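Okay, upload.pdb is below, PDB, C-alpha atoms:
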ATOM      1  CA  MET A   1    -127.057  17.570 -19.978
ATOM      2  CA  ASN A   2    -126.958  17.923 -16.228
ATOM      3  CA  THR A   3    -123.883  19.328 -14.575
ATOM      4  CA  PRO A   4    -122.669  16.939 -11.934
ATOM      5  CA  SER A   5    -122.951  18.364  -8.439
ATOM      6  CA  LEU A   6    -120.028  18.435  -6.079
ATOM      7  CA  PRO A   7    -119.997  15.783  -3.428
ATOM      8  CA  ALA A   8    -121.328  16.960  -0.124
ATOM      9  CA  SER A   9    -118.056  16.059   1.579
ATOM     10  CA  LEU A  10    -116.079  18.314  -0.796
ATOM     11  CA  CYS A  11    -118.440  21.218  -0.167
ATOM     12  CA  ILE A  12    -117.915  20.803   3.536
ATOM     13  CA  LEU A  13    -114.156  20.854   3.050
ATOM     14  CA  LEU A  14    -114.291  24.033   0.944
ATOM     15  CA  LEU A  15    -116.479  25.768   3.497
ATOM     16  CA  ALA A  16    -114.138  24.694   6.274
ATOM     17  CA  ALA A  17    -111.128  26.032   4.363
ATOM     18  CA  SER A  18    -112.904  29.347   3.770
ATOM     19  CA  GLY A  19    -113.752  29.584   7.442
ATOM     20  CA  ALA A  20    -110.170  28.803   8.382
ATOM     21  CA  ARG A  21    -108.898  31.617   6.163
ATOM     22  CA  ALA A  22    -111.376  34.021   7.752
ATOM     23  CA  GLN A  23    -110.290  32.960  11.211
ATOM     24  CA  SER A  24    -106.606  33.285  10.266
ATOM     25  CA  LEU A  25    -107.008  37.005   9.642
ATOM     26  CA  GLU A  26    -105.547  38.543  12.767
ATOM     27  CA  PRO A  27    -107.105  41.903  13.735
ATOM     28  CA  VAL A  28    -104.348  44.501  14.189
ATOM     29  CA  GLY A  29    -106.130  47.841  14.375
ATOM     30  CA  GLU A  30    -109.162  49.908  13.476
ATOM     31  CA  ALA A  31    -110.253  52.644  11.085
ATOM     32  CA  LEU A  32    -110.452  56.051  12.780
ATOM     33  CA  VAL A  33    -111.417  58.129   9.746
ATOM     34  CA  VAL A  34    -112.973  57.062   6.448
ATOM     35  CA  VAL A  35    -113.813  59.666   3.803
ATOM     36  CA  ASN A  36    -115.530  58.284   0.699
ATOM     37  CA  LEU A  37    -114.530  54.875  -0.624
ATOM     38  CA  VAL A  38    -111.804  53.004   1.274
ATOM     39  CA  THR A  39    -111.529  49.223   0.890
ATOM     40  CA  ALA A  40    -109.762  46.335   2.614
ATOM     41  CA  GLU A  41    -108.921  43.339   0.435
ATOM     42  CA  TYR A  42    -107.669  39.864   1.269
ATOM     43  CA  ASN A  43    -107.429  36.965  -1.156
ATOM     44  CA  ARG A  44    -109.717  38.718  -3.671
ATOM     45  CA  ASP A  45    -112.305  39.307  -0.993
ATOM     46  CA  THR A  46    -112.947  43.059  -0.824
ATOM     47  CA  ARG A  47    -114.977  44.979   1.723
ATOM     48  CA  SER A  48    -115.684  48.701   2.233
ATOM     49  CA  LEU A  49    -114.241  50.135   5.402
ATOM     50  CA  GLN A  50    -116.334  52.137   7.830
ATOM     51  CA  VAL A  51    -115.290  54.076  10.901
ATOM     52  CA  SER A  52    -114.475  51.711  13.816
ATOM     53  CA  ASP A  53    -114.098  48.676  11.515
ATOM     54  CA  ARG A  54    -111.193  46.407  12.419
ATOM     55  CA  VAL A  55    -108.344  45.955   9.951
ATOM     56  CA  HIS A  56    -106.372  42.731   9.744
ATOM     57  CA  GLN A  57    -102.900  41.411   9.095
ATOM     58  CA  ASP A  58    -102.285  40.634   5.396
ATOM     59  CA  GLU A  59    -105.099  42.924   4.255
ATOM     60  CA  THR A  60    -104.433  45.524   1.561
ATOM     61  CA  ILE A  61    -105.981  48.907   2.269
ATOM     62  CA  GLU A  62    -106.794  50.963  -0.837
ATOM     63  CA  VAL A  63    -108.031  54.558  -0.838
ATOM     64  CA  GLY A  64    -110.120  56.030  -3.654
ATOM     65  CA  LEU A  65    -108.896  58.955  -5.734
ATOM     66  CA  ASP A  66    -111.254  61.301  -3.894
ATOM     67  CA  ALA A  67    -110.946  59.609  -0.510
ATOM     68  CA  SER A  68    -108.744  59.475   2.585
ATOM     69  CA  SER A  69    -108.430  57.415   5.741
ATOM     70  CA  GLU A  70    -106.716  57.207   9.112
ATOM     71  CA  ILE A  71    -105.926  53.979  10.942
ATOM     72  CA  LYS A  72    -104.722  53.175  14.451
ATOM     73  CA  LEU A  73    -102.900  49.907  15.091
ATOM     74  CA  ASP A  74    -103.147  48.081  18.390
ATOM     75  CA  ASP A  75     -99.788  49.390  19.630
ATOM     76  CA  ASP A  76    -101.113  52.967  19.137
ATOM     77  CA  THR A  77     -99.249  53.441  15.852
ATOM     78  CA  LYS A  78    -101.225  55.885  13.700
ATOM     79  CA  LEU A  79    -101.359  56.109   9.910
ATOM     80  CA  ALA A  80    -102.887  58.692   7.614
ATOM     81  CA  LEU A  81    -103.547  57.599   4.019
ATOM     82  CA  GLY A  82    -103.967  60.124   1.214
ATOM     83  CA  ALA A  83    -106.058  59.933  -1.936
ATOM     84  CA  GLY A  84    -105.134  57.053  -4.250
ATOM     85  CA  SER A  85    -102.838  55.385  -1.710
ATOM     86  CA  ARG A  86    -102.434  51.657  -1.142
ATOM     87  CA  LEU A  87    -100.658  49.651   1.567
ATOM     88  CA  THR A  88    -100.521  46.109   2.902
ATOM     89  CA  LEU A  89    -100.460  45.276   6.612
ATOM     90  CA  ASP A  90     -97.750  42.653   6.152
ATOM     91  CA  LYS A  91     -97.080  41.683   9.718
ATOM     92  CA  PHE A  92     -98.150  42.704  13.182
ATOM     93  CA  VAL A  93     -96.747  40.874  16.176
ATOM     94  CA  TYR A  94     -96.868  42.932  19.341
ATOM     95  CA  ASP A  95     -96.499  42.004  22.980
ATOM     96  CA  PRO A  96     -97.809  44.883  25.124
ATOM     97  CA  LYS A  97     -96.103  43.458  28.214
ATOM     98  CA  LYS A  98     -92.660  43.664  26.605
ATOM     99  CA  ALA A  99     -93.418  46.523  24.147
ATOM    100  CA  ASN A 100     -91.699  44.625  21.361
ATOM    101  CA  GLY A 101     -92.547  42.441  18.398
ATOM    102  CA  SER A 102     -92.541  42.931  14.641
ATOM    103  CA  ILE A 103     -94.573  45.482  12.690
ATOM    104  CA  VAL A 104     -94.114  45.499   8.916
ATOM    105  CA  LEU A 105     -96.056  47.735   6.527
ATOM    106  CA  ASP A 106     -95.708  47.694   2.752
ATOM    107  CA  LEU A 107     -96.399  51.125   1.205
ATOM    108  CA  MET A 108     -97.136  50.503  -2.476
ATOM    109  CA  LYS A 109     -98.210  53.951  -3.694
ATOM    110  CA  GLY A 110     -99.573  57.283  -2.546
ATOM    111  CA  ALA A 111     -99.096  59.643   0.394
ATOM    112  CA  PHE A 112     -98.806  58.581   4.034
ATOM    113  CA  ARG A 113     -98.112  60.013   7.473
ATOM    114  CA  PHE A 114     -96.662  57.603  10.008
ATOM    115  CA  MET A 115     -96.656  58.154  13.785
ATOM    116  CA  THR A 116     -95.009  55.493  15.921
ATOM    117  CA  GLY A 117     -96.835  53.978  18.860
ATOM    118  CA  VAL A 118     -95.558  52.496  22.100
ATOM    119  CA  ALA A 119     -93.737  49.542  20.558
ATOM    120  CA  ALA A 120     -89.945  49.642  20.644
ATOM    121  CA  LYS A 121     -88.629  51.542  17.633
ATOM    122  CA  PRO A 122     -86.607  48.639  16.101
ATOM    123  CA  THR A 123     -89.925  46.803  15.877
ATOM    124  CA  TYR A 124     -91.009  48.871  12.865
ATOM    125  CA  VAL A 125     -90.069  48.249   9.249
ATOM    126  CA  ILE A 126     -91.721  50.330   6.538
ATOM    127  CA  LYS A 127     -91.224  48.928   3.042
ATOM    128  CA  THR A 128     -91.311  50.974  -0.159
ATOM    129  CA  PRO A 129     -90.875  49.554  -3.700
ATOM    130  CA  ALA A 130     -87.091  50.065  -3.702
ATOM    131  CA  ALA A 131     -85.976  50.434  -0.068
ATOM    132  CA  SER A 132     -86.939  49.789   3.542
ATOM    133  CA  ILE A 133     -87.271  52.310   6.344
ATOM    134  CA  THR A 134     -86.318  51.518   9.905
ATOM    135  CA  VAL A 135     -87.773  53.812  12.496
ATOM    136  CA  ARG A 136     -86.007  55.569  15.337
ATOM    137  CA  GLY A 137     -89.073  57.775  16.009
ATOM    138  CA  THR A 138     -91.515  59.496  15.681
ATOM    139  CA  ILE A 139     -93.356  61.257  12.816
ATOM    140  CA  PHE A 140     -92.562  61.193   9.114
ATOM    141  CA  ASP A 141     -94.307  61.398   5.742
ATOM    142  CA  VAL A 142     -93.801  59.073   2.777
ATOM    143  CA  TYR A 143     -94.848  59.558  -0.831
ATOM    144  CA  VAL A 144     -94.571  56.669  -3.306
ATOM    145  CA  GLU A 145     -94.921  57.500  -6.994
ATOM    146  CA  ASP A 146     -96.382  55.138  -9.576
ATOM    147  CA  ASN A 147     -92.871  54.522 -10.971
ATOM    148  CA  GLY A 148     -91.611  53.332  -7.578
ATOM    149  CA  GLN A 149     -89.684  56.475  -6.652
ATOM    150  CA  SER A 150     -90.238  57.470  -3.029
ATOM    151  CA  TRP A 151     -89.849  60.617  -0.941
ATOM    152  CA  LEU A 152     -89.338  60.639   2.807
ATOM    153  CA  LEU A 153     -89.945  63.788   4.839
ATOM    154  CA  LEU A 154     -88.974  63.860   8.521
ATOM    155  CA  ILE A 155     -91.291  65.753  10.852
ATOM    156  CA  GLU A 156     -89.893  64.580  14.207
ATOM    157  CA  GLY A 157     -87.377  62.005  15.444
ATOM    158  CA  ALA A 158     -85.173  60.020  13.035
ATOM    159  CA  ILE A 159     -85.420  57.335  10.353
ATOM    160  CA  GLN A 160     -83.010  55.325   8.238
ATOM    161  CA  ALA A 161     -83.571  54.206   4.652
ATOM    162  CA  CYS A 162     -81.649  51.250   3.179
ATOM    163  CA  ASN A 163     -81.820  49.557  -0.223
ATOM    164  CA  ALA A 164     -81.187  45.929  -1.113
ATOM    165  CA  ARG A 165     -77.509  46.701  -1.800
ATOM    166  CA  GLY A 166     -76.947  47.859   1.762
ATOM    167  CA  GLN A 167     -76.774  51.564   0.877
ATOM    168  CA  CYS A 168     -78.256  53.522   3.767
ATOM    169  CA  GLN A 169     -78.956  57.106   4.714
ATOM    170  CA  THR A 170     -79.999  58.408   8.111
ATOM    171  CA  LEU A 171     -82.433  61.293   8.266
ATOM    172  CA  ASP A 172     -82.401  63.005  11.653
ATOM    173  CA  GLU A 173     -82.993  66.673  10.788
ATOM    174  CA  PRO A 174     -86.696  67.598  10.838
ATOM    175  CA  GLY A 175     -87.775  69.446   7.717
ATOM    176  CA  LYS A 176     -85.319  67.622   5.443
ATOM    177  CA  LEU A 177     -86.141  64.807   3.062
ATOM    178  CA  ILE A 178     -84.596  61.843   1.253
ATOM    179  CA  ARG A 179     -85.391  60.713  -2.272
ATOM    180  CA  ILE A 180     -85.237  57.028  -3.189
ATOM    181  CA  THR A 181     -85.175  56.340  -6.916
ATOM    182  CA  GLY A 182     -87.007  53.498  -8.579
ATOM    183  CA  ASP A 183     -83.635  51.703  -8.843
ATOM    184  CA  GLY A 184     -83.121  51.980  -5.105
ATOM    185  CA  ASP A 185     -80.534  54.764  -4.973
ATOM    186  CA  VAL A 186     -80.928  56.516  -1.619
ATOM    187  CA  GLY A 187     -80.177  60.237  -1.759
ATOM    188  CA  LYS A 188     -78.629  62.418   0.912
ATOM    189  CA  PRO A 189     -80.868  64.447   3.224
ATOM    190  CA  VAL A 190     -81.696  67.830   1.675
ATOM    191  CA  ARG A 191     -84.211  70.614   2.049
ATOM    192  CA  TRP A 192     -87.046  71.023  -0.408
ATOM    193  CA  ALA A 193     -85.752  74.441  -1.495
ATOM    194  CA  SER A 194     -82.446  72.977  -2.664
ATOM    195  CA  LEU A 195     -83.969  70.342  -4.984
ATOM    196  CA  GLN A 196     -83.212  71.110  -8.615
ATOM    197  CA  ASP A 197     -86.203  69.228 -10.046
ATOM    198  CA  LYS A 198     -88.756  69.802  -7.299
ATOM    199  CA  GLY A 199     -91.172  71.247  -9.850
ATOM    200  CA  ASP A 200     -91.681  67.748 -11.235
ATOM    201  CA  VAL A 201     -93.435  66.694  -8.038
ATOM    202  CA  PRO A 202     -95.797  69.359  -6.618
ATOM    203  CA  PHE A 203     -95.309  69.732  -2.884
ATOM    204  CA  ASP A 204     -99.017  69.834  -2.050
ATOM    205  CA  ASN A 205     -99.609  66.510  -3.826
ATOM    206  CA  THR A 206     -96.512  64.866  -2.401
ATOM    207  CA  PHE A 207     -97.064  65.845   1.233
ATOM    208  CA  PRO A 208    -100.789  66.579   1.645
ATOM    209  CA  PHE A 209    -100.657  66.058   5.411
ATOM    210  CA  VAL A 210     -98.310  69.023   5.730
ATOM    211  CA  VAL A 211    -100.768  71.171   3.804
ATOM    212  CA  LYS A 212    -103.772  69.923   5.770
ATOM    213  CA  ALA A 213    -103.085  68.285   9.107
ATOM    214  CA  PRO A 214    -104.806  64.922   9.758
ATOM    215  CA  SER A 215    -106.806  64.325  12.916
ATOM    216  CA  ILE A 216    -104.070  62.013  14.252
ATOM    217  CA  ASP A 217    -101.695  65.009  14.275
ATOM    218  CA  PRO A 218    -103.908  68.118  14.481
ATOM    219  CA  THR A 219    -101.150  70.515  15.589
ATOM    220  CA  PRO A 220     -98.121  69.679  13.423
ATOM    221  CA  ILE A 221     -94.659  70.813  14.477
ATOM    222  CA  LEU A 222     -93.615  71.863  10.973
ATOM    223  CA  THR A 223     -95.819  73.868   8.640
ATOM    224  CA  ARG A 224     -95.741  74.081   4.865
ATOM    225  CA  ASP A 225     -94.083  77.522   4.912
ATOM    226  CA  VAL A 226     -91.313  76.285   7.191
ATOM    227  CA  ILE A 227     -90.573  73.183   5.104
ATOM    228  CA  ILE A 228     -90.576  74.822   1.666
ATOM    229  CA  GLY A 229     -88.931  78.027   2.908
ATOM    230  CA  THR A 230     -85.419  78.823   1.715
ATOM    231  CA  TYR A 231     -84.016  80.763   4.664
ATOM    232  CA  SER A 232     -82.436  79.333   7.774
ATOM    233  CA  ASP A 233     -80.576  80.864  10.694
ATOM    234  CA  ASP A 234     -78.385  77.780  10.833
ATOM    235  CA  LYS A 235     -75.019  78.964   9.464
ATOM    236  CA  ASN A 236     -73.831  75.382   9.129
ATOM    237  CA  ASP A 237     -76.726  74.436   6.860
ATOM    238  CA  LYS A 238     -75.251  74.642   3.358
ATOM    239  CA  ASP A 239     -78.419  73.319   1.734
ATOM    240  CA  VAL A 240     -80.375  76.448   2.527
ATOM    241  CA  GLU A 241     -80.349  79.548   0.366
ATOM    242  CA  LYS A 242     -81.615  83.000   1.257
ATOM    243  CA  PRO A 243     -84.930  83.774  -0.407
ATOM    244  CA  LYS A 244     -84.782  86.097  -3.388
ATOM    245  CA  GLY A 245     -85.939  89.612  -2.672
ATOM    246  CA  LYS A 246     -85.371  89.304   1.064
ATOM    247  CA  ARG A 247     -83.859  92.437   2.470
ATOM    248  CA  ASP A 248     -80.313  91.949   3.631
ATOM    249  CA  THR A 249     -80.009  93.306   7.129
ATOM    250  CA  ALA A 250     -76.249  92.737   7.304
ATOM    251  CA  LYS A 251     -73.949  95.701   7.977
ATOM    252  CA  PRO A 252     -72.657  97.497   4.860
ATOM    253  CA  PRO A 253     -69.036  96.980   3.778
ATOM    254  CA  LYS A 254     -66.371  98.941   5.603
ATOM    255  CA  LYS A 255     -65.640 101.149   2.567
ATOM    256  CA  LYS A 256     -69.258 102.255   2.352
ATOM    257  CA  ARG A 257     -69.329 102.970   6.066
ATOM    258  CA  GLU A 258     -66.206 105.130   5.725
ATOM    259  CA  GLN A 259     -67.709 107.013   2.786
ATOM    260  CA  SER A 260     -70.894 107.529   4.756
ATOM    261  CA  THR A 261     -68.920 108.802   7.780
ATOM    262  CA  GLU A 262     -66.852 111.179   5.583
ATOM    263  CA  LYS A 263     -70.033 112.545   4.002
ATOM    264  CA  LYS A 264     -71.551 113.135   7.435
ATOM    265  CA  GLN A 265     -68.395 114.971   8.563
ATOM    266  CA  LYS A 266     -68.498 117.272   5.509
ATOM    267  CA  THR A 267     -72.169 118.011   6.142
ATOM    268  CA  LYS A 268     -71.374 118.761   9.780
ATOM    269  CA  LYS A 269     -68.575 121.157   8.774
ATOM    270  CA  LYS A 270     -70.902 123.012   6.399
ATOM    271  CA  ARG A 271     -73.525 123.319   9.126
ATOM    272  CA  THR A 272     -70.873 124.541  11.597
ATOM    273  CA  ALA A 273     -69.609 127.131   9.108
ATOM    274  CA  LYS A 274     -73.153 128.321   8.406
ATOM    275  CA  ASN A 275     -73.936 128.514  12.105
ATOM    276  CA  SER A 276     -70.723 130.474  12.615
ATOM    277  CA  ASP A 277     -71.750 133.009   9.947
ATOM    278  CA  ASP A 278     -75.215 133.274  11.474
ATOM    279  CA  ASP A 279     -73.679 133.831  14.914
ATOM    280  CA  SER A 280     -71.446 136.569  13.491
ATOM    281  CA  ASN A 281     -74.436 138.286  11.968
ATOM    282  CA  ILE A 282     -76.294 138.025  15.242
ATOM    283  CA  VAL A 283     -73.315 139.430  17.162
ATOM    284  CA  SER A 284     -72.958 142.218  14.614
ATOM    285  CA  GLY A 285     -76.621 143.059  14.939
ATOM    286  CA  MET A 286     -76.308 143.073  18.709
ATOM    287  CA  ASP A 287     -73.367 145.492  18.469
ATOM    288  CA  ILE A 288     -75.527 147.816  16.432
ATOM    289  CA  VAL A 289     -78.385 147.629  18.883
ATOM    290  CA  ILE A 290     -76.092 148.075  21.851
ATOM    291  CA  GLY A 291     -74.312 150.929  20.117
ATOM    292  CA  ILE A 292     -77.583 152.697  19.471
ATOM    293  CA  GLY A 293     -78.761 152.010  22.952
ATOM    294  CA  GLY A 294     -75.488 153.220  24.393
ATOM    295  CA  GLY A 295     -75.614 156.446  22.364
ATOM    296  CA  ILE A 296     -79.141 157.087  23.503
ATOM    297  CA  GLY A 297     -78.223 156.543  27.095
ATOM    298  CA  ARG A 298     -75.307 158.921  27.128
ATOM    299  CA  GLY A 299     -75.511 162.351  28.690
ATOM    300  CA  GLY A 300     -75.888 160.942  32.169
ATOM    301  CA  HIS A 301     -79.605 160.416  31.846
ATOM    302  CA  LYS A 302     -80.921 157.423  33.627
ATOM    303  CA  HIS A 303     -82.577 154.857  31.377
ATOM    304  CA  ASP A 304     -84.508 151.613  31.804
ATOM    305  CA  ARG A 305     -82.807 148.215  31.607
ATOM    306  CA  GLY A 306     -82.391 147.087  28.041
ATOM    307  CA  GLY A 307     -81.272 150.509  26.751
ATOM    308  CA  MET A 308     -84.576 151.180  24.974
ATOM    309  CA  GLY A 309     -86.623 152.661  27.836
ATOM    310  CA  ASN A 310     -85.699 156.354  27.111
ATOM    311  CA  TYR A 311     -85.106 158.215  23.890
ATOM    312  CA  GLY A 312     -82.401 160.857  24.413
ATOM    313  CA  GLY A 313     -83.278 160.969  28.066
ATOM    314  CA  ARG A 314     -86.968 161.499  27.258
ATOM    315  CA  SER A 315     -89.722 159.119  28.007
ATOM    316  CA  MET A 316     -91.188 157.201  25.088
ATOM    317  CA  LYS A 317     -94.625 157.391  26.647
ATOM    318  CA  GLY A 318     -97.101 159.373  24.717
ATOM    319  CA  ARG A 319     -95.150 159.159  21.447
TER     320      ARG A 319
END
Show how you would write the structure in this file as structure tokens.
Amino acid sequence: MNTPSLPASLCILLLAASGARAQSLEPVGEALVVVNLVTAEYNRDTRSLQVSDRVHQDETIEVGLDASSEIKLDDDTKLALGAGSRLTLDKFVYDPKKANGSIVLDLMKGAFRFMTGVAAKPTYVIKTPAASITVRGTIFDVYVEDNGQSWLLLIEGAIQACNARGQCQTLDEPGKLIRITGDGDVGKPVRWASLQDKGDVPFDNTFPFVVKAPSIDPTPILTRDVIIGTYSDDKNDKDVEKPKGKRDTAKPPKKKREQSTEKKQKTKKKRTAKNSDDDSNIVSGMDIVIGIGGGIGRGGHKHDRGGMGNYGGRSMKGR
């Protein structure tokens, strides 16, 4: 039995539709770095990305488990994508003459670093599974877990996270982070050291671009030690604890200082008394020497200075 062939006119229509879809993909940026397998997918059509390849609106970028990538959008926005990450370039409308438009990225899972470009900051909307991030500038990291929970770490500038219920938190202190639960609850800004359950999410996996700087940000402002550290000179920062084992350089309590001063005074008195006894002994010894010298010098005999030049008026020479 022969399978009936499609009419030539229908084939032409299908090809035309396919071509229209290809032409509808608007290029929005290019791949700067591609390490191992990184793909771009649109409508079940998947291609492997190479350095300098263009990326398009509506494409989903997926990074292999042993791969990484960096992308620059046409407004100079830069993105770093960690191993196992996935995002969709939802929307990119940018007018370079007016520096405005609409840039929407959907971060579905994995680790990301985001650096804003020249577009006006309200232009950006970064979506996570349970909340959206509006950008006030300039550099921040996002980690999206498989269960939809997200972590936001501010490196520079400010961001605001809001859920569907209108609950929002502003993060404007570099080095602090916000946790967004899978249900959309947006936590208050805190430091990593103050998190009670931070052991559940290893820092190096959550924020790999802090551990190893990407090429889009080769000299990061905040290092790993600064972010995970527990000490701060900011007296108003209640989230920060002093590290255990750190020597306290504060002045001792007043009572201890008084005890220390009293002890020093007693030691000084003992030394003074001892010195006084030593001086008395020295004076007594001098009296003896002078007395002997004076007795030797009596009888009107002339003697040398020091009282020891003559012995009973006789020269000591030759003795």
Here's the selection I'm unsure about, the PyMOL selection byres ((chain A and resi 171-178) around 9); applied to the file above, which residues does it give, as JSON, numbers by chain? {"A": [140, 150, 151, 152, 153, 154, 155, 156, 157, 158, 159, 160, 161, 169, 170, 179, 180, 186, 187, 188, 189, 190, 191, 192, 222, 226, 227, 228]}
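Between CA of Phe114 (chain A) and CA of Val33 (chain A) lies a distance of 14.8 Å.
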Could you check which residues have any atom within 12 Å of (-90.0, 50.0, 19.8), counting only C-alpha atoms with coordinates taken straight from the file, and then list them as a PyMOL selection string? chain A and resi 75-77+93-96+98-103+116-125+134-138
With all atoms listed in the file counted, which protein, DNA or RNA residues have an atom no more than 6 Å from (-105.9, 44.0, 9.0) in the file frame? Please answer as a PyMOL selection string. chain A and resi 27-28+55-57+59
Export, as an mmCIF file, in the frame of the given file, the selected residues with C-alpha atoms.
data_model
loop_
_atom_site.group_PDB
_atom_site.id
_atom_site.type_symbol
_atom_site.label_atom_id
_atom_site.label_comp_id
_atom_site.auth_asym_id
_atom_site.auth_seq_id
_atom_site.Cartn_x
_atom_site.Cartn_y
_atom_site.Cartn_z
ATOM 1 C CA PRO A 27 -107.105 41.903 13.735
ATOM 2 C CA VAL A 28 -104.348 44.501 14.189
ATOM 3 C CA VAL A 55 -108.344 45.955 9.951
ATOM 4 C CA HIS A 56 -106.372 42.731 9.744
ATOM 5 C CA GLN A 57 -102.900 41.411 9.095
ATOM 6 C CA GLU A 59 -105.099 42.924 4.255
#
Would you kindly translate the PyMOL selection byres ((chain A and resi 215) around 10) into the concrete residues it picks from this file, as number ranges by chain? A: 32-33, 70, 80, 209, 212-214, 216-219
Keeping only C-alpha atoms, write the selected residues to a file as an mmCIF file, in the frame of the given file.
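So out-v1.cif came out as:
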data_model
loop_
_atom_site.group_PDB
_atom_site.id
_atom_site.type_symbol
_atom_site.label_atom_id
_atom_site.label_comp_id
_atom_site.auth_asym_id
_atom_site.auth_seq_id
_atom_site.Cartn_x
_atom_site.Cartn_y
_atom_site.Cartn_z
ATOM 1 C CA LEU A 32 -110.452 56.051 12.780
ATOM 2 C CA VAL A 33 -111.417 58.129 9.746
ATOM 3 C CA GLU A 70 -106.716 57.207 9.112
ATOM 4 C CA ALA A 80 -102.887 58.692 7.614
ATOM 5 C CA PHE A 209 -100.657 66.058 5.411
ATOM 6 C CA LYS A 212 -103.772 69.923 5.770
ATOM 7 C CA ALA A 213 -103.085 68.285 9.107
ATOM 8 C CA PRO A 214 -104.806 64.922 9.758
ATOM 9 C CA ILE A 216 -104.070 62.013 14.252
ATOM 10 C CA ASP A 217 -101.695 65.009 14.275
ATOM 11 C CA PRO A 218 -103.908 68.118 14.481
ATOM 12 C CA THR A 219 -101.150 70.515 15.589
#
Name the residues captured by the PyMOL selection byres ((chain A and resi 66) around 12) when it is applied to the shown file; answer as a VMD selection string. chain A and resid 34 to 38 62 to 65 67 to 69 81 to 85
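Going from CA of Asp90 (chain A) over to CA of Asp106 (chain A), you cover 6.4 Å.
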Using only C-alpha atoms, which protein or nucleic acid residues come within 10 Å of Ala40 (chain A)? Drop anything in the same chain fewer than 4 positions from it, and give the result as a PyMOL selection string. chain A and resi 44-49+54-56+58-63+86-88
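Across the model, the gap from CA of Pro129 (chain A) to CA of Met115 (chain A) is 20.3 Å.
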